[in-house]
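K.L.:
This is the content of work.txt (compact mmCIF, N, CA and C atoms):
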# COMPACT_ATOMS: atom_id res chain seq x y z
N MET A 1 39.89 90.04 -6.72
CA MET A 1 40.66 89.14 -7.56
C MET A 1 40.32 89.40 -9.03
N SER A 2 41.33 89.68 -9.86
CA SER A 2 41.07 89.97 -11.26
C SER A 2 40.90 88.67 -12.04
N ARG A 3 40.16 88.77 -13.11
CA ARG A 3 39.97 87.63 -13.99
C ARG A 3 41.26 87.34 -14.72
N SER A 4 41.58 86.11 -14.87
CA SER A 4 42.87 85.72 -15.41
C SER A 4 42.78 85.24 -16.85
N ILE A 5 43.97 85.07 -17.42
CA ILE A 5 44.13 84.41 -18.70
C ILE A 5 44.77 83.07 -18.38
N LEU A 6 44.20 82.00 -18.88
CA LEU A 6 44.76 80.68 -18.68
C LEU A 6 45.51 80.30 -19.96
N LEU A 7 46.81 80.10 -19.84
CA LEU A 7 47.66 79.69 -20.95
C LEU A 7 47.97 78.21 -20.78
N VAL A 8 47.53 77.38 -21.72
CA VAL A 8 47.79 75.95 -21.67
C VAL A 8 48.75 75.64 -22.81
N GLU A 9 50.03 75.53 -22.47
CA GLU A 9 51.10 75.41 -23.45
C GLU A 9 52.23 74.57 -22.88
N ASP A 10 52.61 73.50 -23.59
CA ASP A 10 53.64 72.61 -23.07
C ASP A 10 55.06 73.00 -23.50
N GLN A 11 55.21 73.79 -24.52
CA GLN A 11 56.53 74.19 -25.00
C GLN A 11 57.03 75.41 -24.25
N PRO A 12 58.10 75.28 -23.46
CA PRO A 12 58.58 76.41 -22.66
C PRO A 12 58.89 77.66 -23.48
N TYR A 13 59.47 77.48 -24.66
CA TYR A 13 59.82 78.63 -25.50
C TYR A 13 58.56 79.38 -25.93
N ASP A 14 57.54 78.66 -26.39
CA ASP A 14 56.30 79.30 -26.83
C ASP A 14 55.59 79.96 -25.65
N ALA A 15 55.63 79.32 -24.50
CA ALA A 15 55.00 79.91 -23.31
C ALA A 15 55.71 81.21 -22.94
N GLU A 16 57.03 81.21 -22.96
CA GLU A 16 57.79 82.42 -22.62
C GLU A 16 57.52 83.53 -23.61
N LEU A 17 57.47 83.21 -24.90
CA LEU A 17 57.16 84.23 -25.91
C LEU A 17 55.76 84.81 -25.70
N THR A 18 54.81 83.96 -25.37
CA THR A 18 53.45 84.42 -25.12
C THR A 18 53.40 85.34 -23.90
N LEU A 19 54.06 84.92 -22.83
CA LEU A 19 54.10 85.75 -21.62
C LEU A 19 54.79 87.09 -21.90
N ARG A 20 55.86 87.06 -22.66
CA ARG A 20 56.59 88.29 -23.00
C ARG A 20 55.70 89.23 -23.81
N ALA A 21 54.95 88.69 -24.76
CA ALA A 21 54.04 89.51 -25.57
C ALA A 21 52.94 90.12 -24.70
N LEU A 22 52.38 89.32 -23.80
CA LEU A 22 51.32 89.84 -22.92
C LEU A 22 51.87 90.85 -21.92
N ARG A 23 53.13 90.68 -21.54
CA ARG A 23 53.79 91.64 -20.66
C ARG A 23 53.79 93.04 -21.31
N GLY A 24 53.95 93.07 -22.62
CA GLY A 24 53.93 94.33 -23.35
C GLY A 24 52.60 95.06 -23.24
N LEU A 25 51.56 94.34 -22.89
CA LEU A 25 50.23 94.95 -22.68
C LEU A 25 49.90 95.11 -21.20
N GLY A 26 50.82 94.70 -20.35
CA GLY A 26 50.56 94.75 -18.91
C GLY A 26 49.64 93.64 -18.45
N LEU A 27 49.52 92.58 -19.22
CA LEU A 27 48.60 91.48 -18.87
C LEU A 27 49.31 90.27 -18.28
N ASP A 28 50.63 90.26 -18.23
CA ASP A 28 51.36 89.07 -17.81
C ASP A 28 51.08 88.67 -16.36
N GLU A 29 50.75 89.61 -15.51
CA GLU A 29 50.47 89.29 -14.10
C GLU A 29 49.15 88.52 -13.96
N GLN A 30 48.32 88.58 -14.98
CA GLN A 30 47.03 87.89 -14.94
C GLN A 30 47.10 86.48 -15.53
N VAL A 31 48.24 86.09 -16.08
CA VAL A 31 48.36 84.81 -16.77
C VAL A 31 48.69 83.68 -15.80
N HIS A 32 47.94 82.61 -15.92
CA HIS A 32 48.22 81.39 -15.17
C HIS A 32 48.62 80.36 -16.21
N HIS A 33 49.87 79.89 -16.16
CA HIS A 33 50.40 78.97 -17.17
C HIS A 33 50.33 77.52 -16.68
N LEU A 34 49.71 76.68 -17.48
CA LEU A 34 49.67 75.24 -17.22
C LEU A 34 50.30 74.53 -18.41
N ARG A 35 50.96 73.39 -18.13
CA ARG A 35 51.78 72.74 -19.15
C ARG A 35 51.12 71.60 -19.90
N ASP A 36 49.93 71.18 -19.49
CA ASP A 36 49.25 70.14 -20.26
C ASP A 36 47.75 70.15 -19.96
N GLY A 37 47.02 69.39 -20.77
CA GLY A 37 45.58 69.36 -20.63
C GLY A 37 45.09 68.77 -19.32
N ALA A 38 45.83 67.80 -18.79
CA ALA A 38 45.44 67.21 -17.51
C ALA A 38 45.54 68.23 -16.38
N GLU A 39 46.61 69.04 -16.38
CA GLU A 39 46.73 70.10 -15.37
C GLU A 39 45.57 71.09 -15.49
N ALA A 40 45.20 71.41 -16.72
CA ALA A 40 44.10 72.36 -16.93
C ALA A 40 42.77 71.80 -16.44
N LEU A 41 42.51 70.52 -16.72
CA LEU A 41 41.28 69.90 -16.22
C LEU A 41 41.23 69.94 -14.70
N HIS A 42 42.36 69.59 -14.07
CA HIS A 42 42.42 69.62 -12.61
C HIS A 42 42.19 71.04 -12.09
N TYR A 43 42.85 72.00 -12.68
CA TYR A 43 42.74 73.39 -12.27
C TYR A 43 41.30 73.90 -12.39
N LEU A 44 40.64 73.57 -13.48
CA LEU A 44 39.31 74.11 -13.74
C LEU A 44 38.18 73.34 -13.05
N PHE A 45 38.39 72.06 -12.78
CA PHE A 45 37.27 71.25 -12.29
C PHE A 45 37.48 70.53 -10.97
N GLU A 46 38.72 70.37 -10.51
CA GLU A 46 38.93 69.50 -9.36
C GLU A 46 39.58 70.14 -8.15
N GLU A 47 40.01 71.38 -8.25
CA GLU A 47 40.63 72.00 -7.08
C GLU A 47 39.58 72.25 -6.01
N GLU A 48 40.04 72.36 -4.77
CA GLU A 48 39.13 72.54 -3.64
C GLU A 48 38.23 73.76 -3.83
N HIS A 49 38.80 74.86 -4.29
CA HIS A 49 38.02 76.07 -4.58
C HIS A 49 38.19 76.35 -6.06
N PRO A 50 37.39 75.69 -6.91
CA PRO A 50 37.61 75.78 -8.36
C PRO A 50 37.48 77.20 -8.88
N PRO A 51 38.34 77.55 -9.83
CA PRO A 51 38.27 78.86 -10.45
C PRO A 51 36.97 79.10 -11.18
N SER A 52 36.15 78.07 -11.34
CA SER A 52 34.87 78.27 -12.02
C SER A 52 34.00 79.27 -11.26
N THR A 53 34.30 79.51 -9.96
CA THR A 53 33.57 80.54 -9.24
C THR A 53 33.98 81.91 -9.75
N MET A 54 35.16 82.03 -10.31
CA MET A 54 35.65 83.24 -10.98
C MET A 54 36.47 82.73 -12.17
N PRO A 55 35.77 82.31 -13.24
CA PRO A 55 36.47 81.64 -14.34
C PRO A 55 37.46 82.57 -15.04
N PRO A 56 38.43 81.99 -15.73
CA PRO A 56 39.35 82.82 -16.50
C PRO A 56 38.57 83.65 -17.51
N LYS A 57 39.10 84.79 -17.84
CA LYS A 57 38.48 85.64 -18.85
C LYS A 57 38.76 85.09 -20.24
N LEU A 58 39.84 84.33 -20.38
CA LEU A 58 40.29 83.85 -21.67
C LEU A 58 41.17 82.62 -21.48
N ILE A 59 41.05 81.66 -22.39
CA ILE A 59 41.95 80.50 -22.39
C ILE A 59 42.68 80.47 -23.73
N LEU A 60 44.02 80.49 -23.65
CA LEU A 60 44.87 80.32 -24.83
C LEU A 60 45.32 78.88 -24.82
N LEU A 61 44.96 78.12 -25.84
CA LEU A 61 45.10 76.67 -25.82
C LEU A 61 45.93 76.15 -26.98
N ASP A 62 47.04 75.49 -26.67
CA ASP A 62 47.78 74.76 -27.68
C ASP A 62 47.05 73.43 -27.90
N LEU A 63 47.14 72.89 -29.10
CA LEU A 63 46.44 71.63 -29.37
C LEU A 63 47.27 70.40 -29.08
N LYS A 64 48.55 70.48 -29.33
CA LYS A 64 49.45 69.33 -29.17
C LYS A 64 50.00 69.33 -27.75
N LEU A 65 49.25 68.72 -26.85
CA LEU A 65 49.61 68.69 -25.43
C LEU A 65 49.80 67.25 -24.96
N PRO A 66 50.68 67.03 -23.97
CA PRO A 66 50.80 65.69 -23.40
C PRO A 66 49.62 65.36 -22.48
N ARG A 67 49.44 64.10 -22.23
CA ARG A 67 48.43 63.52 -21.34
C ARG A 67 47.01 63.73 -21.83
N VAL A 68 46.53 64.95 -21.87
CA VAL A 68 45.21 65.26 -22.40
C VAL A 68 45.42 66.29 -23.50
N SER A 69 45.00 65.98 -24.71
CA SER A 69 45.24 66.88 -25.84
C SER A 69 44.41 68.15 -25.73
N GLY A 70 44.80 69.14 -26.51
CA GLY A 70 44.03 70.37 -26.56
C GLY A 70 42.61 70.15 -27.05
N LEU A 71 42.45 69.23 -28.00
CA LEU A 71 41.11 68.93 -28.50
C LEU A 71 40.24 68.29 -27.41
N GLU A 72 40.83 67.38 -26.64
CA GLU A 72 40.08 66.76 -25.54
C GLU A 72 39.71 67.79 -24.48
N LEU A 73 40.65 68.69 -24.18
CA LEU A 73 40.38 69.74 -23.20
C LEU A 73 39.29 70.68 -23.71
N LEU A 74 39.38 71.07 -24.96
CA LEU A 74 38.37 71.94 -25.55
C LEU A 74 36.99 71.30 -25.46
N ALA A 75 36.89 70.02 -25.79
CA ALA A 75 35.60 69.32 -25.70
C ALA A 75 35.06 69.37 -24.28
N ALA A 76 35.91 69.12 -23.30
CA ALA A 76 35.48 69.14 -21.88
C ALA A 76 35.02 70.53 -21.47
N LEU A 77 35.74 71.55 -21.91
CA LEU A 77 35.39 72.92 -21.56
C LEU A 77 34.04 73.32 -22.12
N LYS A 78 33.79 72.95 -23.36
CA LYS A 78 32.56 73.38 -24.03
C LYS A 78 31.36 72.51 -23.67
N GLU A 79 31.61 71.35 -23.05
CA GLU A 79 30.51 70.48 -22.61
C GLU A 79 30.03 70.81 -21.20
N ASP A 80 30.85 71.50 -20.42
CA ASP A 80 30.52 71.77 -19.03
C ASP A 80 29.93 73.18 -18.90
N GLU A 81 28.78 73.28 -18.28
CA GLU A 81 28.11 74.58 -18.18
C GLU A 81 28.91 75.61 -17.39
N ARG A 82 29.82 75.17 -16.52
CA ARG A 82 30.64 76.11 -15.75
C ARG A 82 31.70 76.80 -16.60
N THR A 83 32.08 76.19 -17.70
CA THR A 83 33.19 76.72 -18.50
C THR A 83 32.84 76.96 -19.97
N GLN A 84 31.65 76.57 -20.40
CA GLN A 84 31.36 76.63 -21.82
C GLN A 84 31.33 78.03 -22.41
N CYS A 85 31.12 79.05 -21.59
CA CYS A 85 31.08 80.40 -22.13
C CYS A 85 32.43 81.13 -22.06
N ILE A 86 33.46 80.49 -21.54
CA ILE A 86 34.79 81.10 -21.51
C ILE A 86 35.36 81.08 -22.94
N PRO A 87 35.78 82.23 -23.46
CA PRO A 87 36.40 82.23 -24.78
C PRO A 87 37.68 81.39 -24.79
N VAL A 88 37.76 80.48 -25.77
CA VAL A 88 38.93 79.63 -25.94
C VAL A 88 39.53 79.94 -27.32
N ILE A 89 40.79 80.31 -27.31
CA ILE A 89 41.51 80.59 -28.53
C ILE A 89 42.52 79.48 -28.74
N ALA A 90 42.39 78.75 -29.84
CA ALA A 90 43.40 77.75 -30.20
C ALA A 90 44.59 78.53 -30.75
N LEU A 91 45.70 78.48 -30.05
CA LEU A 91 46.94 79.13 -30.46
C LEU A 91 47.94 78.01 -30.69
N THR A 92 48.09 77.61 -31.93
CA THR A 92 48.75 76.35 -32.24
C THR A 92 49.63 76.45 -33.48
N SER A 93 50.51 75.50 -33.63
CA SER A 93 51.34 75.46 -34.84
C SER A 93 50.67 74.63 -35.93
N SER A 94 49.58 73.94 -35.61
CA SER A 94 48.91 73.07 -36.58
C SER A 94 48.14 73.89 -37.62
N GLN A 95 48.45 73.61 -38.88
CA GLN A 95 47.71 74.21 -39.99
C GLN A 95 46.81 73.16 -40.66
N GLU A 96 46.68 72.02 -40.01
CA GLU A 96 45.87 70.92 -40.55
C GLU A 96 44.40 71.33 -40.57
N GLN A 97 43.78 71.23 -41.73
CA GLN A 97 42.37 71.60 -41.86
C GLN A 97 41.47 70.76 -40.97
N GLN A 98 41.84 69.51 -40.72
CA GLN A 98 41.02 68.68 -39.84
C GLN A 98 41.05 69.21 -38.41
N ASP A 99 42.19 69.77 -37.98
CA ASP A 99 42.26 70.38 -36.65
C ASP A 99 41.40 71.64 -36.58
N VAL A 100 41.48 72.46 -37.63
CA VAL A 100 40.67 73.69 -37.68
C VAL A 100 39.19 73.32 -37.59
N HIS A 101 38.75 72.40 -38.44
CA HIS A 101 37.33 72.00 -38.45
C HIS A 101 36.91 71.38 -37.13
N ARG A 102 37.75 70.53 -36.58
CA ARG A 102 37.41 69.87 -35.30
C ARG A 102 37.27 70.90 -34.19
N CYS A 103 38.19 71.86 -34.14
CA CYS A 103 38.12 72.90 -33.10
C CYS A 103 36.81 73.69 -33.21
N TYR A 104 36.46 74.10 -34.41
CA TYR A 104 35.21 74.85 -34.56
C TYR A 104 34.00 73.98 -34.26
N ASP A 105 34.05 72.70 -34.62
CA ASP A 105 32.96 71.78 -34.27
C ASP A 105 32.79 71.68 -32.76
N LEU A 106 33.90 71.76 -32.04
CA LEU A 106 33.87 71.65 -30.57
C LEU A 106 33.54 72.98 -29.88
N GLY A 107 33.54 74.08 -30.63
CA GLY A 107 33.14 75.36 -30.04
C GLY A 107 34.24 76.34 -29.77
N VAL A 108 35.42 76.17 -30.38
CA VAL A 108 36.49 77.14 -30.17
C VAL A 108 36.01 78.51 -30.66
N ASN A 109 36.47 79.56 -30.02
CA ASN A 109 36.07 80.90 -30.41
C ASN A 109 36.93 81.49 -31.52
N SER A 110 38.16 81.03 -31.60
CA SER A 110 39.07 81.49 -32.65
C SER A 110 40.19 80.48 -32.80
N TYR A 111 40.70 80.35 -34.02
CA TYR A 111 41.79 79.43 -34.32
C TYR A 111 42.91 80.25 -34.94
N VAL A 112 44.06 80.30 -34.27
CA VAL A 112 45.18 81.12 -34.72
C VAL A 112 46.42 80.24 -34.83
N VAL A 113 47.05 80.27 -36.01
CA VAL A 113 48.30 79.54 -36.20
C VAL A 113 49.43 80.44 -35.72
N LYS A 114 50.30 79.87 -34.87
CA LYS A 114 51.42 80.62 -34.31
C LYS A 114 52.38 81.04 -35.43
N PRO A 115 52.62 82.34 -35.56
CA PRO A 115 53.63 82.77 -36.53
C PRO A 115 55.02 82.32 -36.08
N VAL A 116 55.88 82.01 -37.03
CA VAL A 116 57.24 81.57 -36.72
C VAL A 116 58.12 82.77 -36.38
N ASP A 117 57.90 83.88 -37.06
CA ASP A 117 58.68 85.09 -36.84
C ASP A 117 58.37 85.69 -35.47
N PHE A 118 59.43 86.05 -34.71
CA PHE A 118 59.26 86.56 -33.34
C PHE A 118 58.37 87.80 -33.30
N ALA A 119 58.63 88.77 -34.17
CA ALA A 119 57.85 90.02 -34.16
C ALA A 119 56.39 89.75 -34.52
N GLU A 120 56.16 88.88 -35.50
CA GLU A 120 54.79 88.53 -35.88
C GLU A 120 54.08 87.79 -34.75
N PHE A 121 54.80 86.89 -34.09
CA PHE A 121 54.23 86.15 -32.96
C PHE A 121 53.81 87.13 -31.87
N THR A 122 54.70 88.04 -31.53
CA THR A 122 54.41 89.03 -30.49
C THR A 122 53.19 89.86 -30.85
N GLU A 123 53.14 90.35 -32.06
CA GLU A 123 52.00 91.17 -32.50
C GLU A 123 50.70 90.37 -32.49
N THR A 124 50.76 89.14 -32.93
CA THR A 124 49.56 88.29 -32.95
C THR A 124 49.03 88.06 -31.54
N VAL A 125 49.91 87.70 -30.62
CA VAL A 125 49.48 87.46 -29.23
C VAL A 125 48.95 88.75 -28.62
N GLN A 126 49.57 89.86 -28.91
CA GLN A 126 49.09 91.13 -28.36
C GLN A 126 47.72 91.50 -28.93
N GLN A 127 47.50 91.24 -30.20
CA GLN A 127 46.17 91.50 -30.78
C GLN A 127 45.12 90.62 -30.12
N ILE A 128 45.45 89.36 -29.91
CA ILE A 128 44.52 88.45 -29.24
C ILE A 128 44.23 88.96 -27.83
N GLY A 129 45.29 89.26 -27.08
CA GLY A 129 45.11 89.74 -25.71
C GLY A 129 44.31 91.01 -25.64
N ARG A 130 44.61 91.94 -26.51
CA ARG A 130 43.91 93.23 -26.53
C ARG A 130 42.43 93.03 -26.81
N TYR A 131 42.12 92.27 -27.85
CA TYR A 131 40.72 92.09 -28.22
C TYR A 131 39.92 91.34 -27.16
N TRP A 132 40.43 90.17 -26.75
CA TRP A 132 39.64 89.30 -25.88
C TRP A 132 39.58 89.77 -24.44
N THR A 133 40.51 90.62 -23.99
CA THR A 133 40.45 91.08 -22.60
C THR A 133 39.86 92.48 -22.45
N THR A 134 39.82 93.25 -23.53
CA THR A 134 39.29 94.61 -23.38
C THR A 134 38.06 94.89 -24.23
N MET A 135 37.98 94.32 -25.42
CA MET A 135 36.87 94.65 -26.32
C MET A 135 35.73 93.65 -26.26
N ASN A 136 36.06 92.39 -26.13
CA ASN A 136 35.04 91.35 -26.15
C ASN A 136 34.20 91.37 -24.87
N GLN A 137 32.90 91.22 -25.04
CA GLN A 137 31.98 91.14 -23.91
C GLN A 137 31.59 89.67 -23.73
N THR A 138 31.71 89.17 -22.50
CA THR A 138 31.34 87.77 -22.24
C THR A 138 30.15 87.70 -21.30
N VAL A 139 29.58 86.52 -21.21
CA VAL A 139 28.47 86.28 -20.28
C VAL A 139 28.91 85.52 -19.06
N CYS A 140 30.18 85.13 -19.02
CA CYS A 140 30.71 84.40 -17.85
C CYS A 140 31.06 85.37 -16.74
When written as structure tokens, how does the structure in this file appear?
P.N.:
Amino acid sequence: MSRSILLVEDQPYDAELTLRALRGLGLDEQVHHLRDGAEALHYLFEEEHPPSTMPPKLILLDLKLPRVSGLELLAALKEDERTQCIPVIALTSSQEQQDVHRCYDLGVNSYVVKPVDFAEFTETVQQIGRYWTTMNQTVC
């Protein structure tokens, strides 16, 4: 079983663009898409055979999520020893400095504002995917 990328994104358009960009790298088959923070918490901590036995290689996290926000999910991930070493990339439309500071205070590995331009968005996601799945070394 290969290590996956967990995409936590509630906007269908942004999720599709992200999947399309990762498809360009051949990584789309490894992506597990969840639509809100509550689904992600359930997936990571409450399923019968939790993925924490083979945690995702990378989590791409939107901040503005229904039910459980991206910030709440990030806090839970970084507080739990089973998931705290998984790289989490905030991939969000928020340029609010308080969000940037809060994410880094909670332990995010990188904070990336989603480009509005399609080509820039694609290139940004591909750079993230390339770096975090092939170059970065993790301890998880």
K.L.:
Write out as a ChimeraX atom specification all residues of chain A that backbone DSSP assigns to strand (DSSP E).
P.N.:
/A:5-8,31-34,58-61,88-92,110-113
K.L.:
Pick out each residue of chain A that DSSP on the backbone tags as helix (DSSP H, G or I); I need them as a PyMOL selection string.
P.N.:
chain A and resi 12-23+28-30+37-45+51-53+70-79+97-106+118-135
K.L.:
At a cut-off of 12 Å, using only C-alpha atoms, what residues contact Glu16 in chain A? Leave out same-chain residues fewer than 2 positions from it and give the result as an NGL selection string.
P.N.:
:A and (7-14 or 18-23 or 28 or 31 or 33 or 35 or 118 or 121-122 or 125)
K.L.:
Select, from A:Cys103, A:Glu96, A:Ala119, A:Met54, the residue with the minimum atom-to-atom distance to Ala75 in chain A, counting only N, CA and C atoms.
P.N.:
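Closest to Ala75 in chain A, using only N, CA and C atoms: A:Cys103.
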K.L.:
Env of Trp132 in chain A: 7 Å cut, atoms = only N, CA and C atoms, seq-sep filter 5 positions within chain, self excluded. Answer as an NGL selection string.
P.N.:
:A and (57-58 or 127 or 137)
K.L.:
Quick one: residues within 6 Å of range 80-94 of chain A, only N, CA and C atoms, excluding same-chain residues fewer than 4 positions away - as a ChimeraX atom specification?
P.N.:
/A:52,57-63,76,108-114,140
K.L.:
Give me, please, the distance in Å between CA of Leu71 in chain A and atom N of Leu25 in chain A, quoted to one decimal.
P.N.:
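Separation between CA of Leu71 in chain A and atom N of Leu25 in chain A: 28.0 Å.
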K.L.:
In Å to one decimal, how far is atom C of Glu39 in chain A from atom C of Lys64 in chain A?
P.N.:
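The value is 13.2 Å.
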K.L.:
Tell me, in Å to one decimal, how far CA of Thr124 in chain A is from CA of Gln98 in chain A.
P.N.:
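Computed distance, CA of Thr124 in chain A to CA of Gln98 in chain A, equals 22.5 Å.
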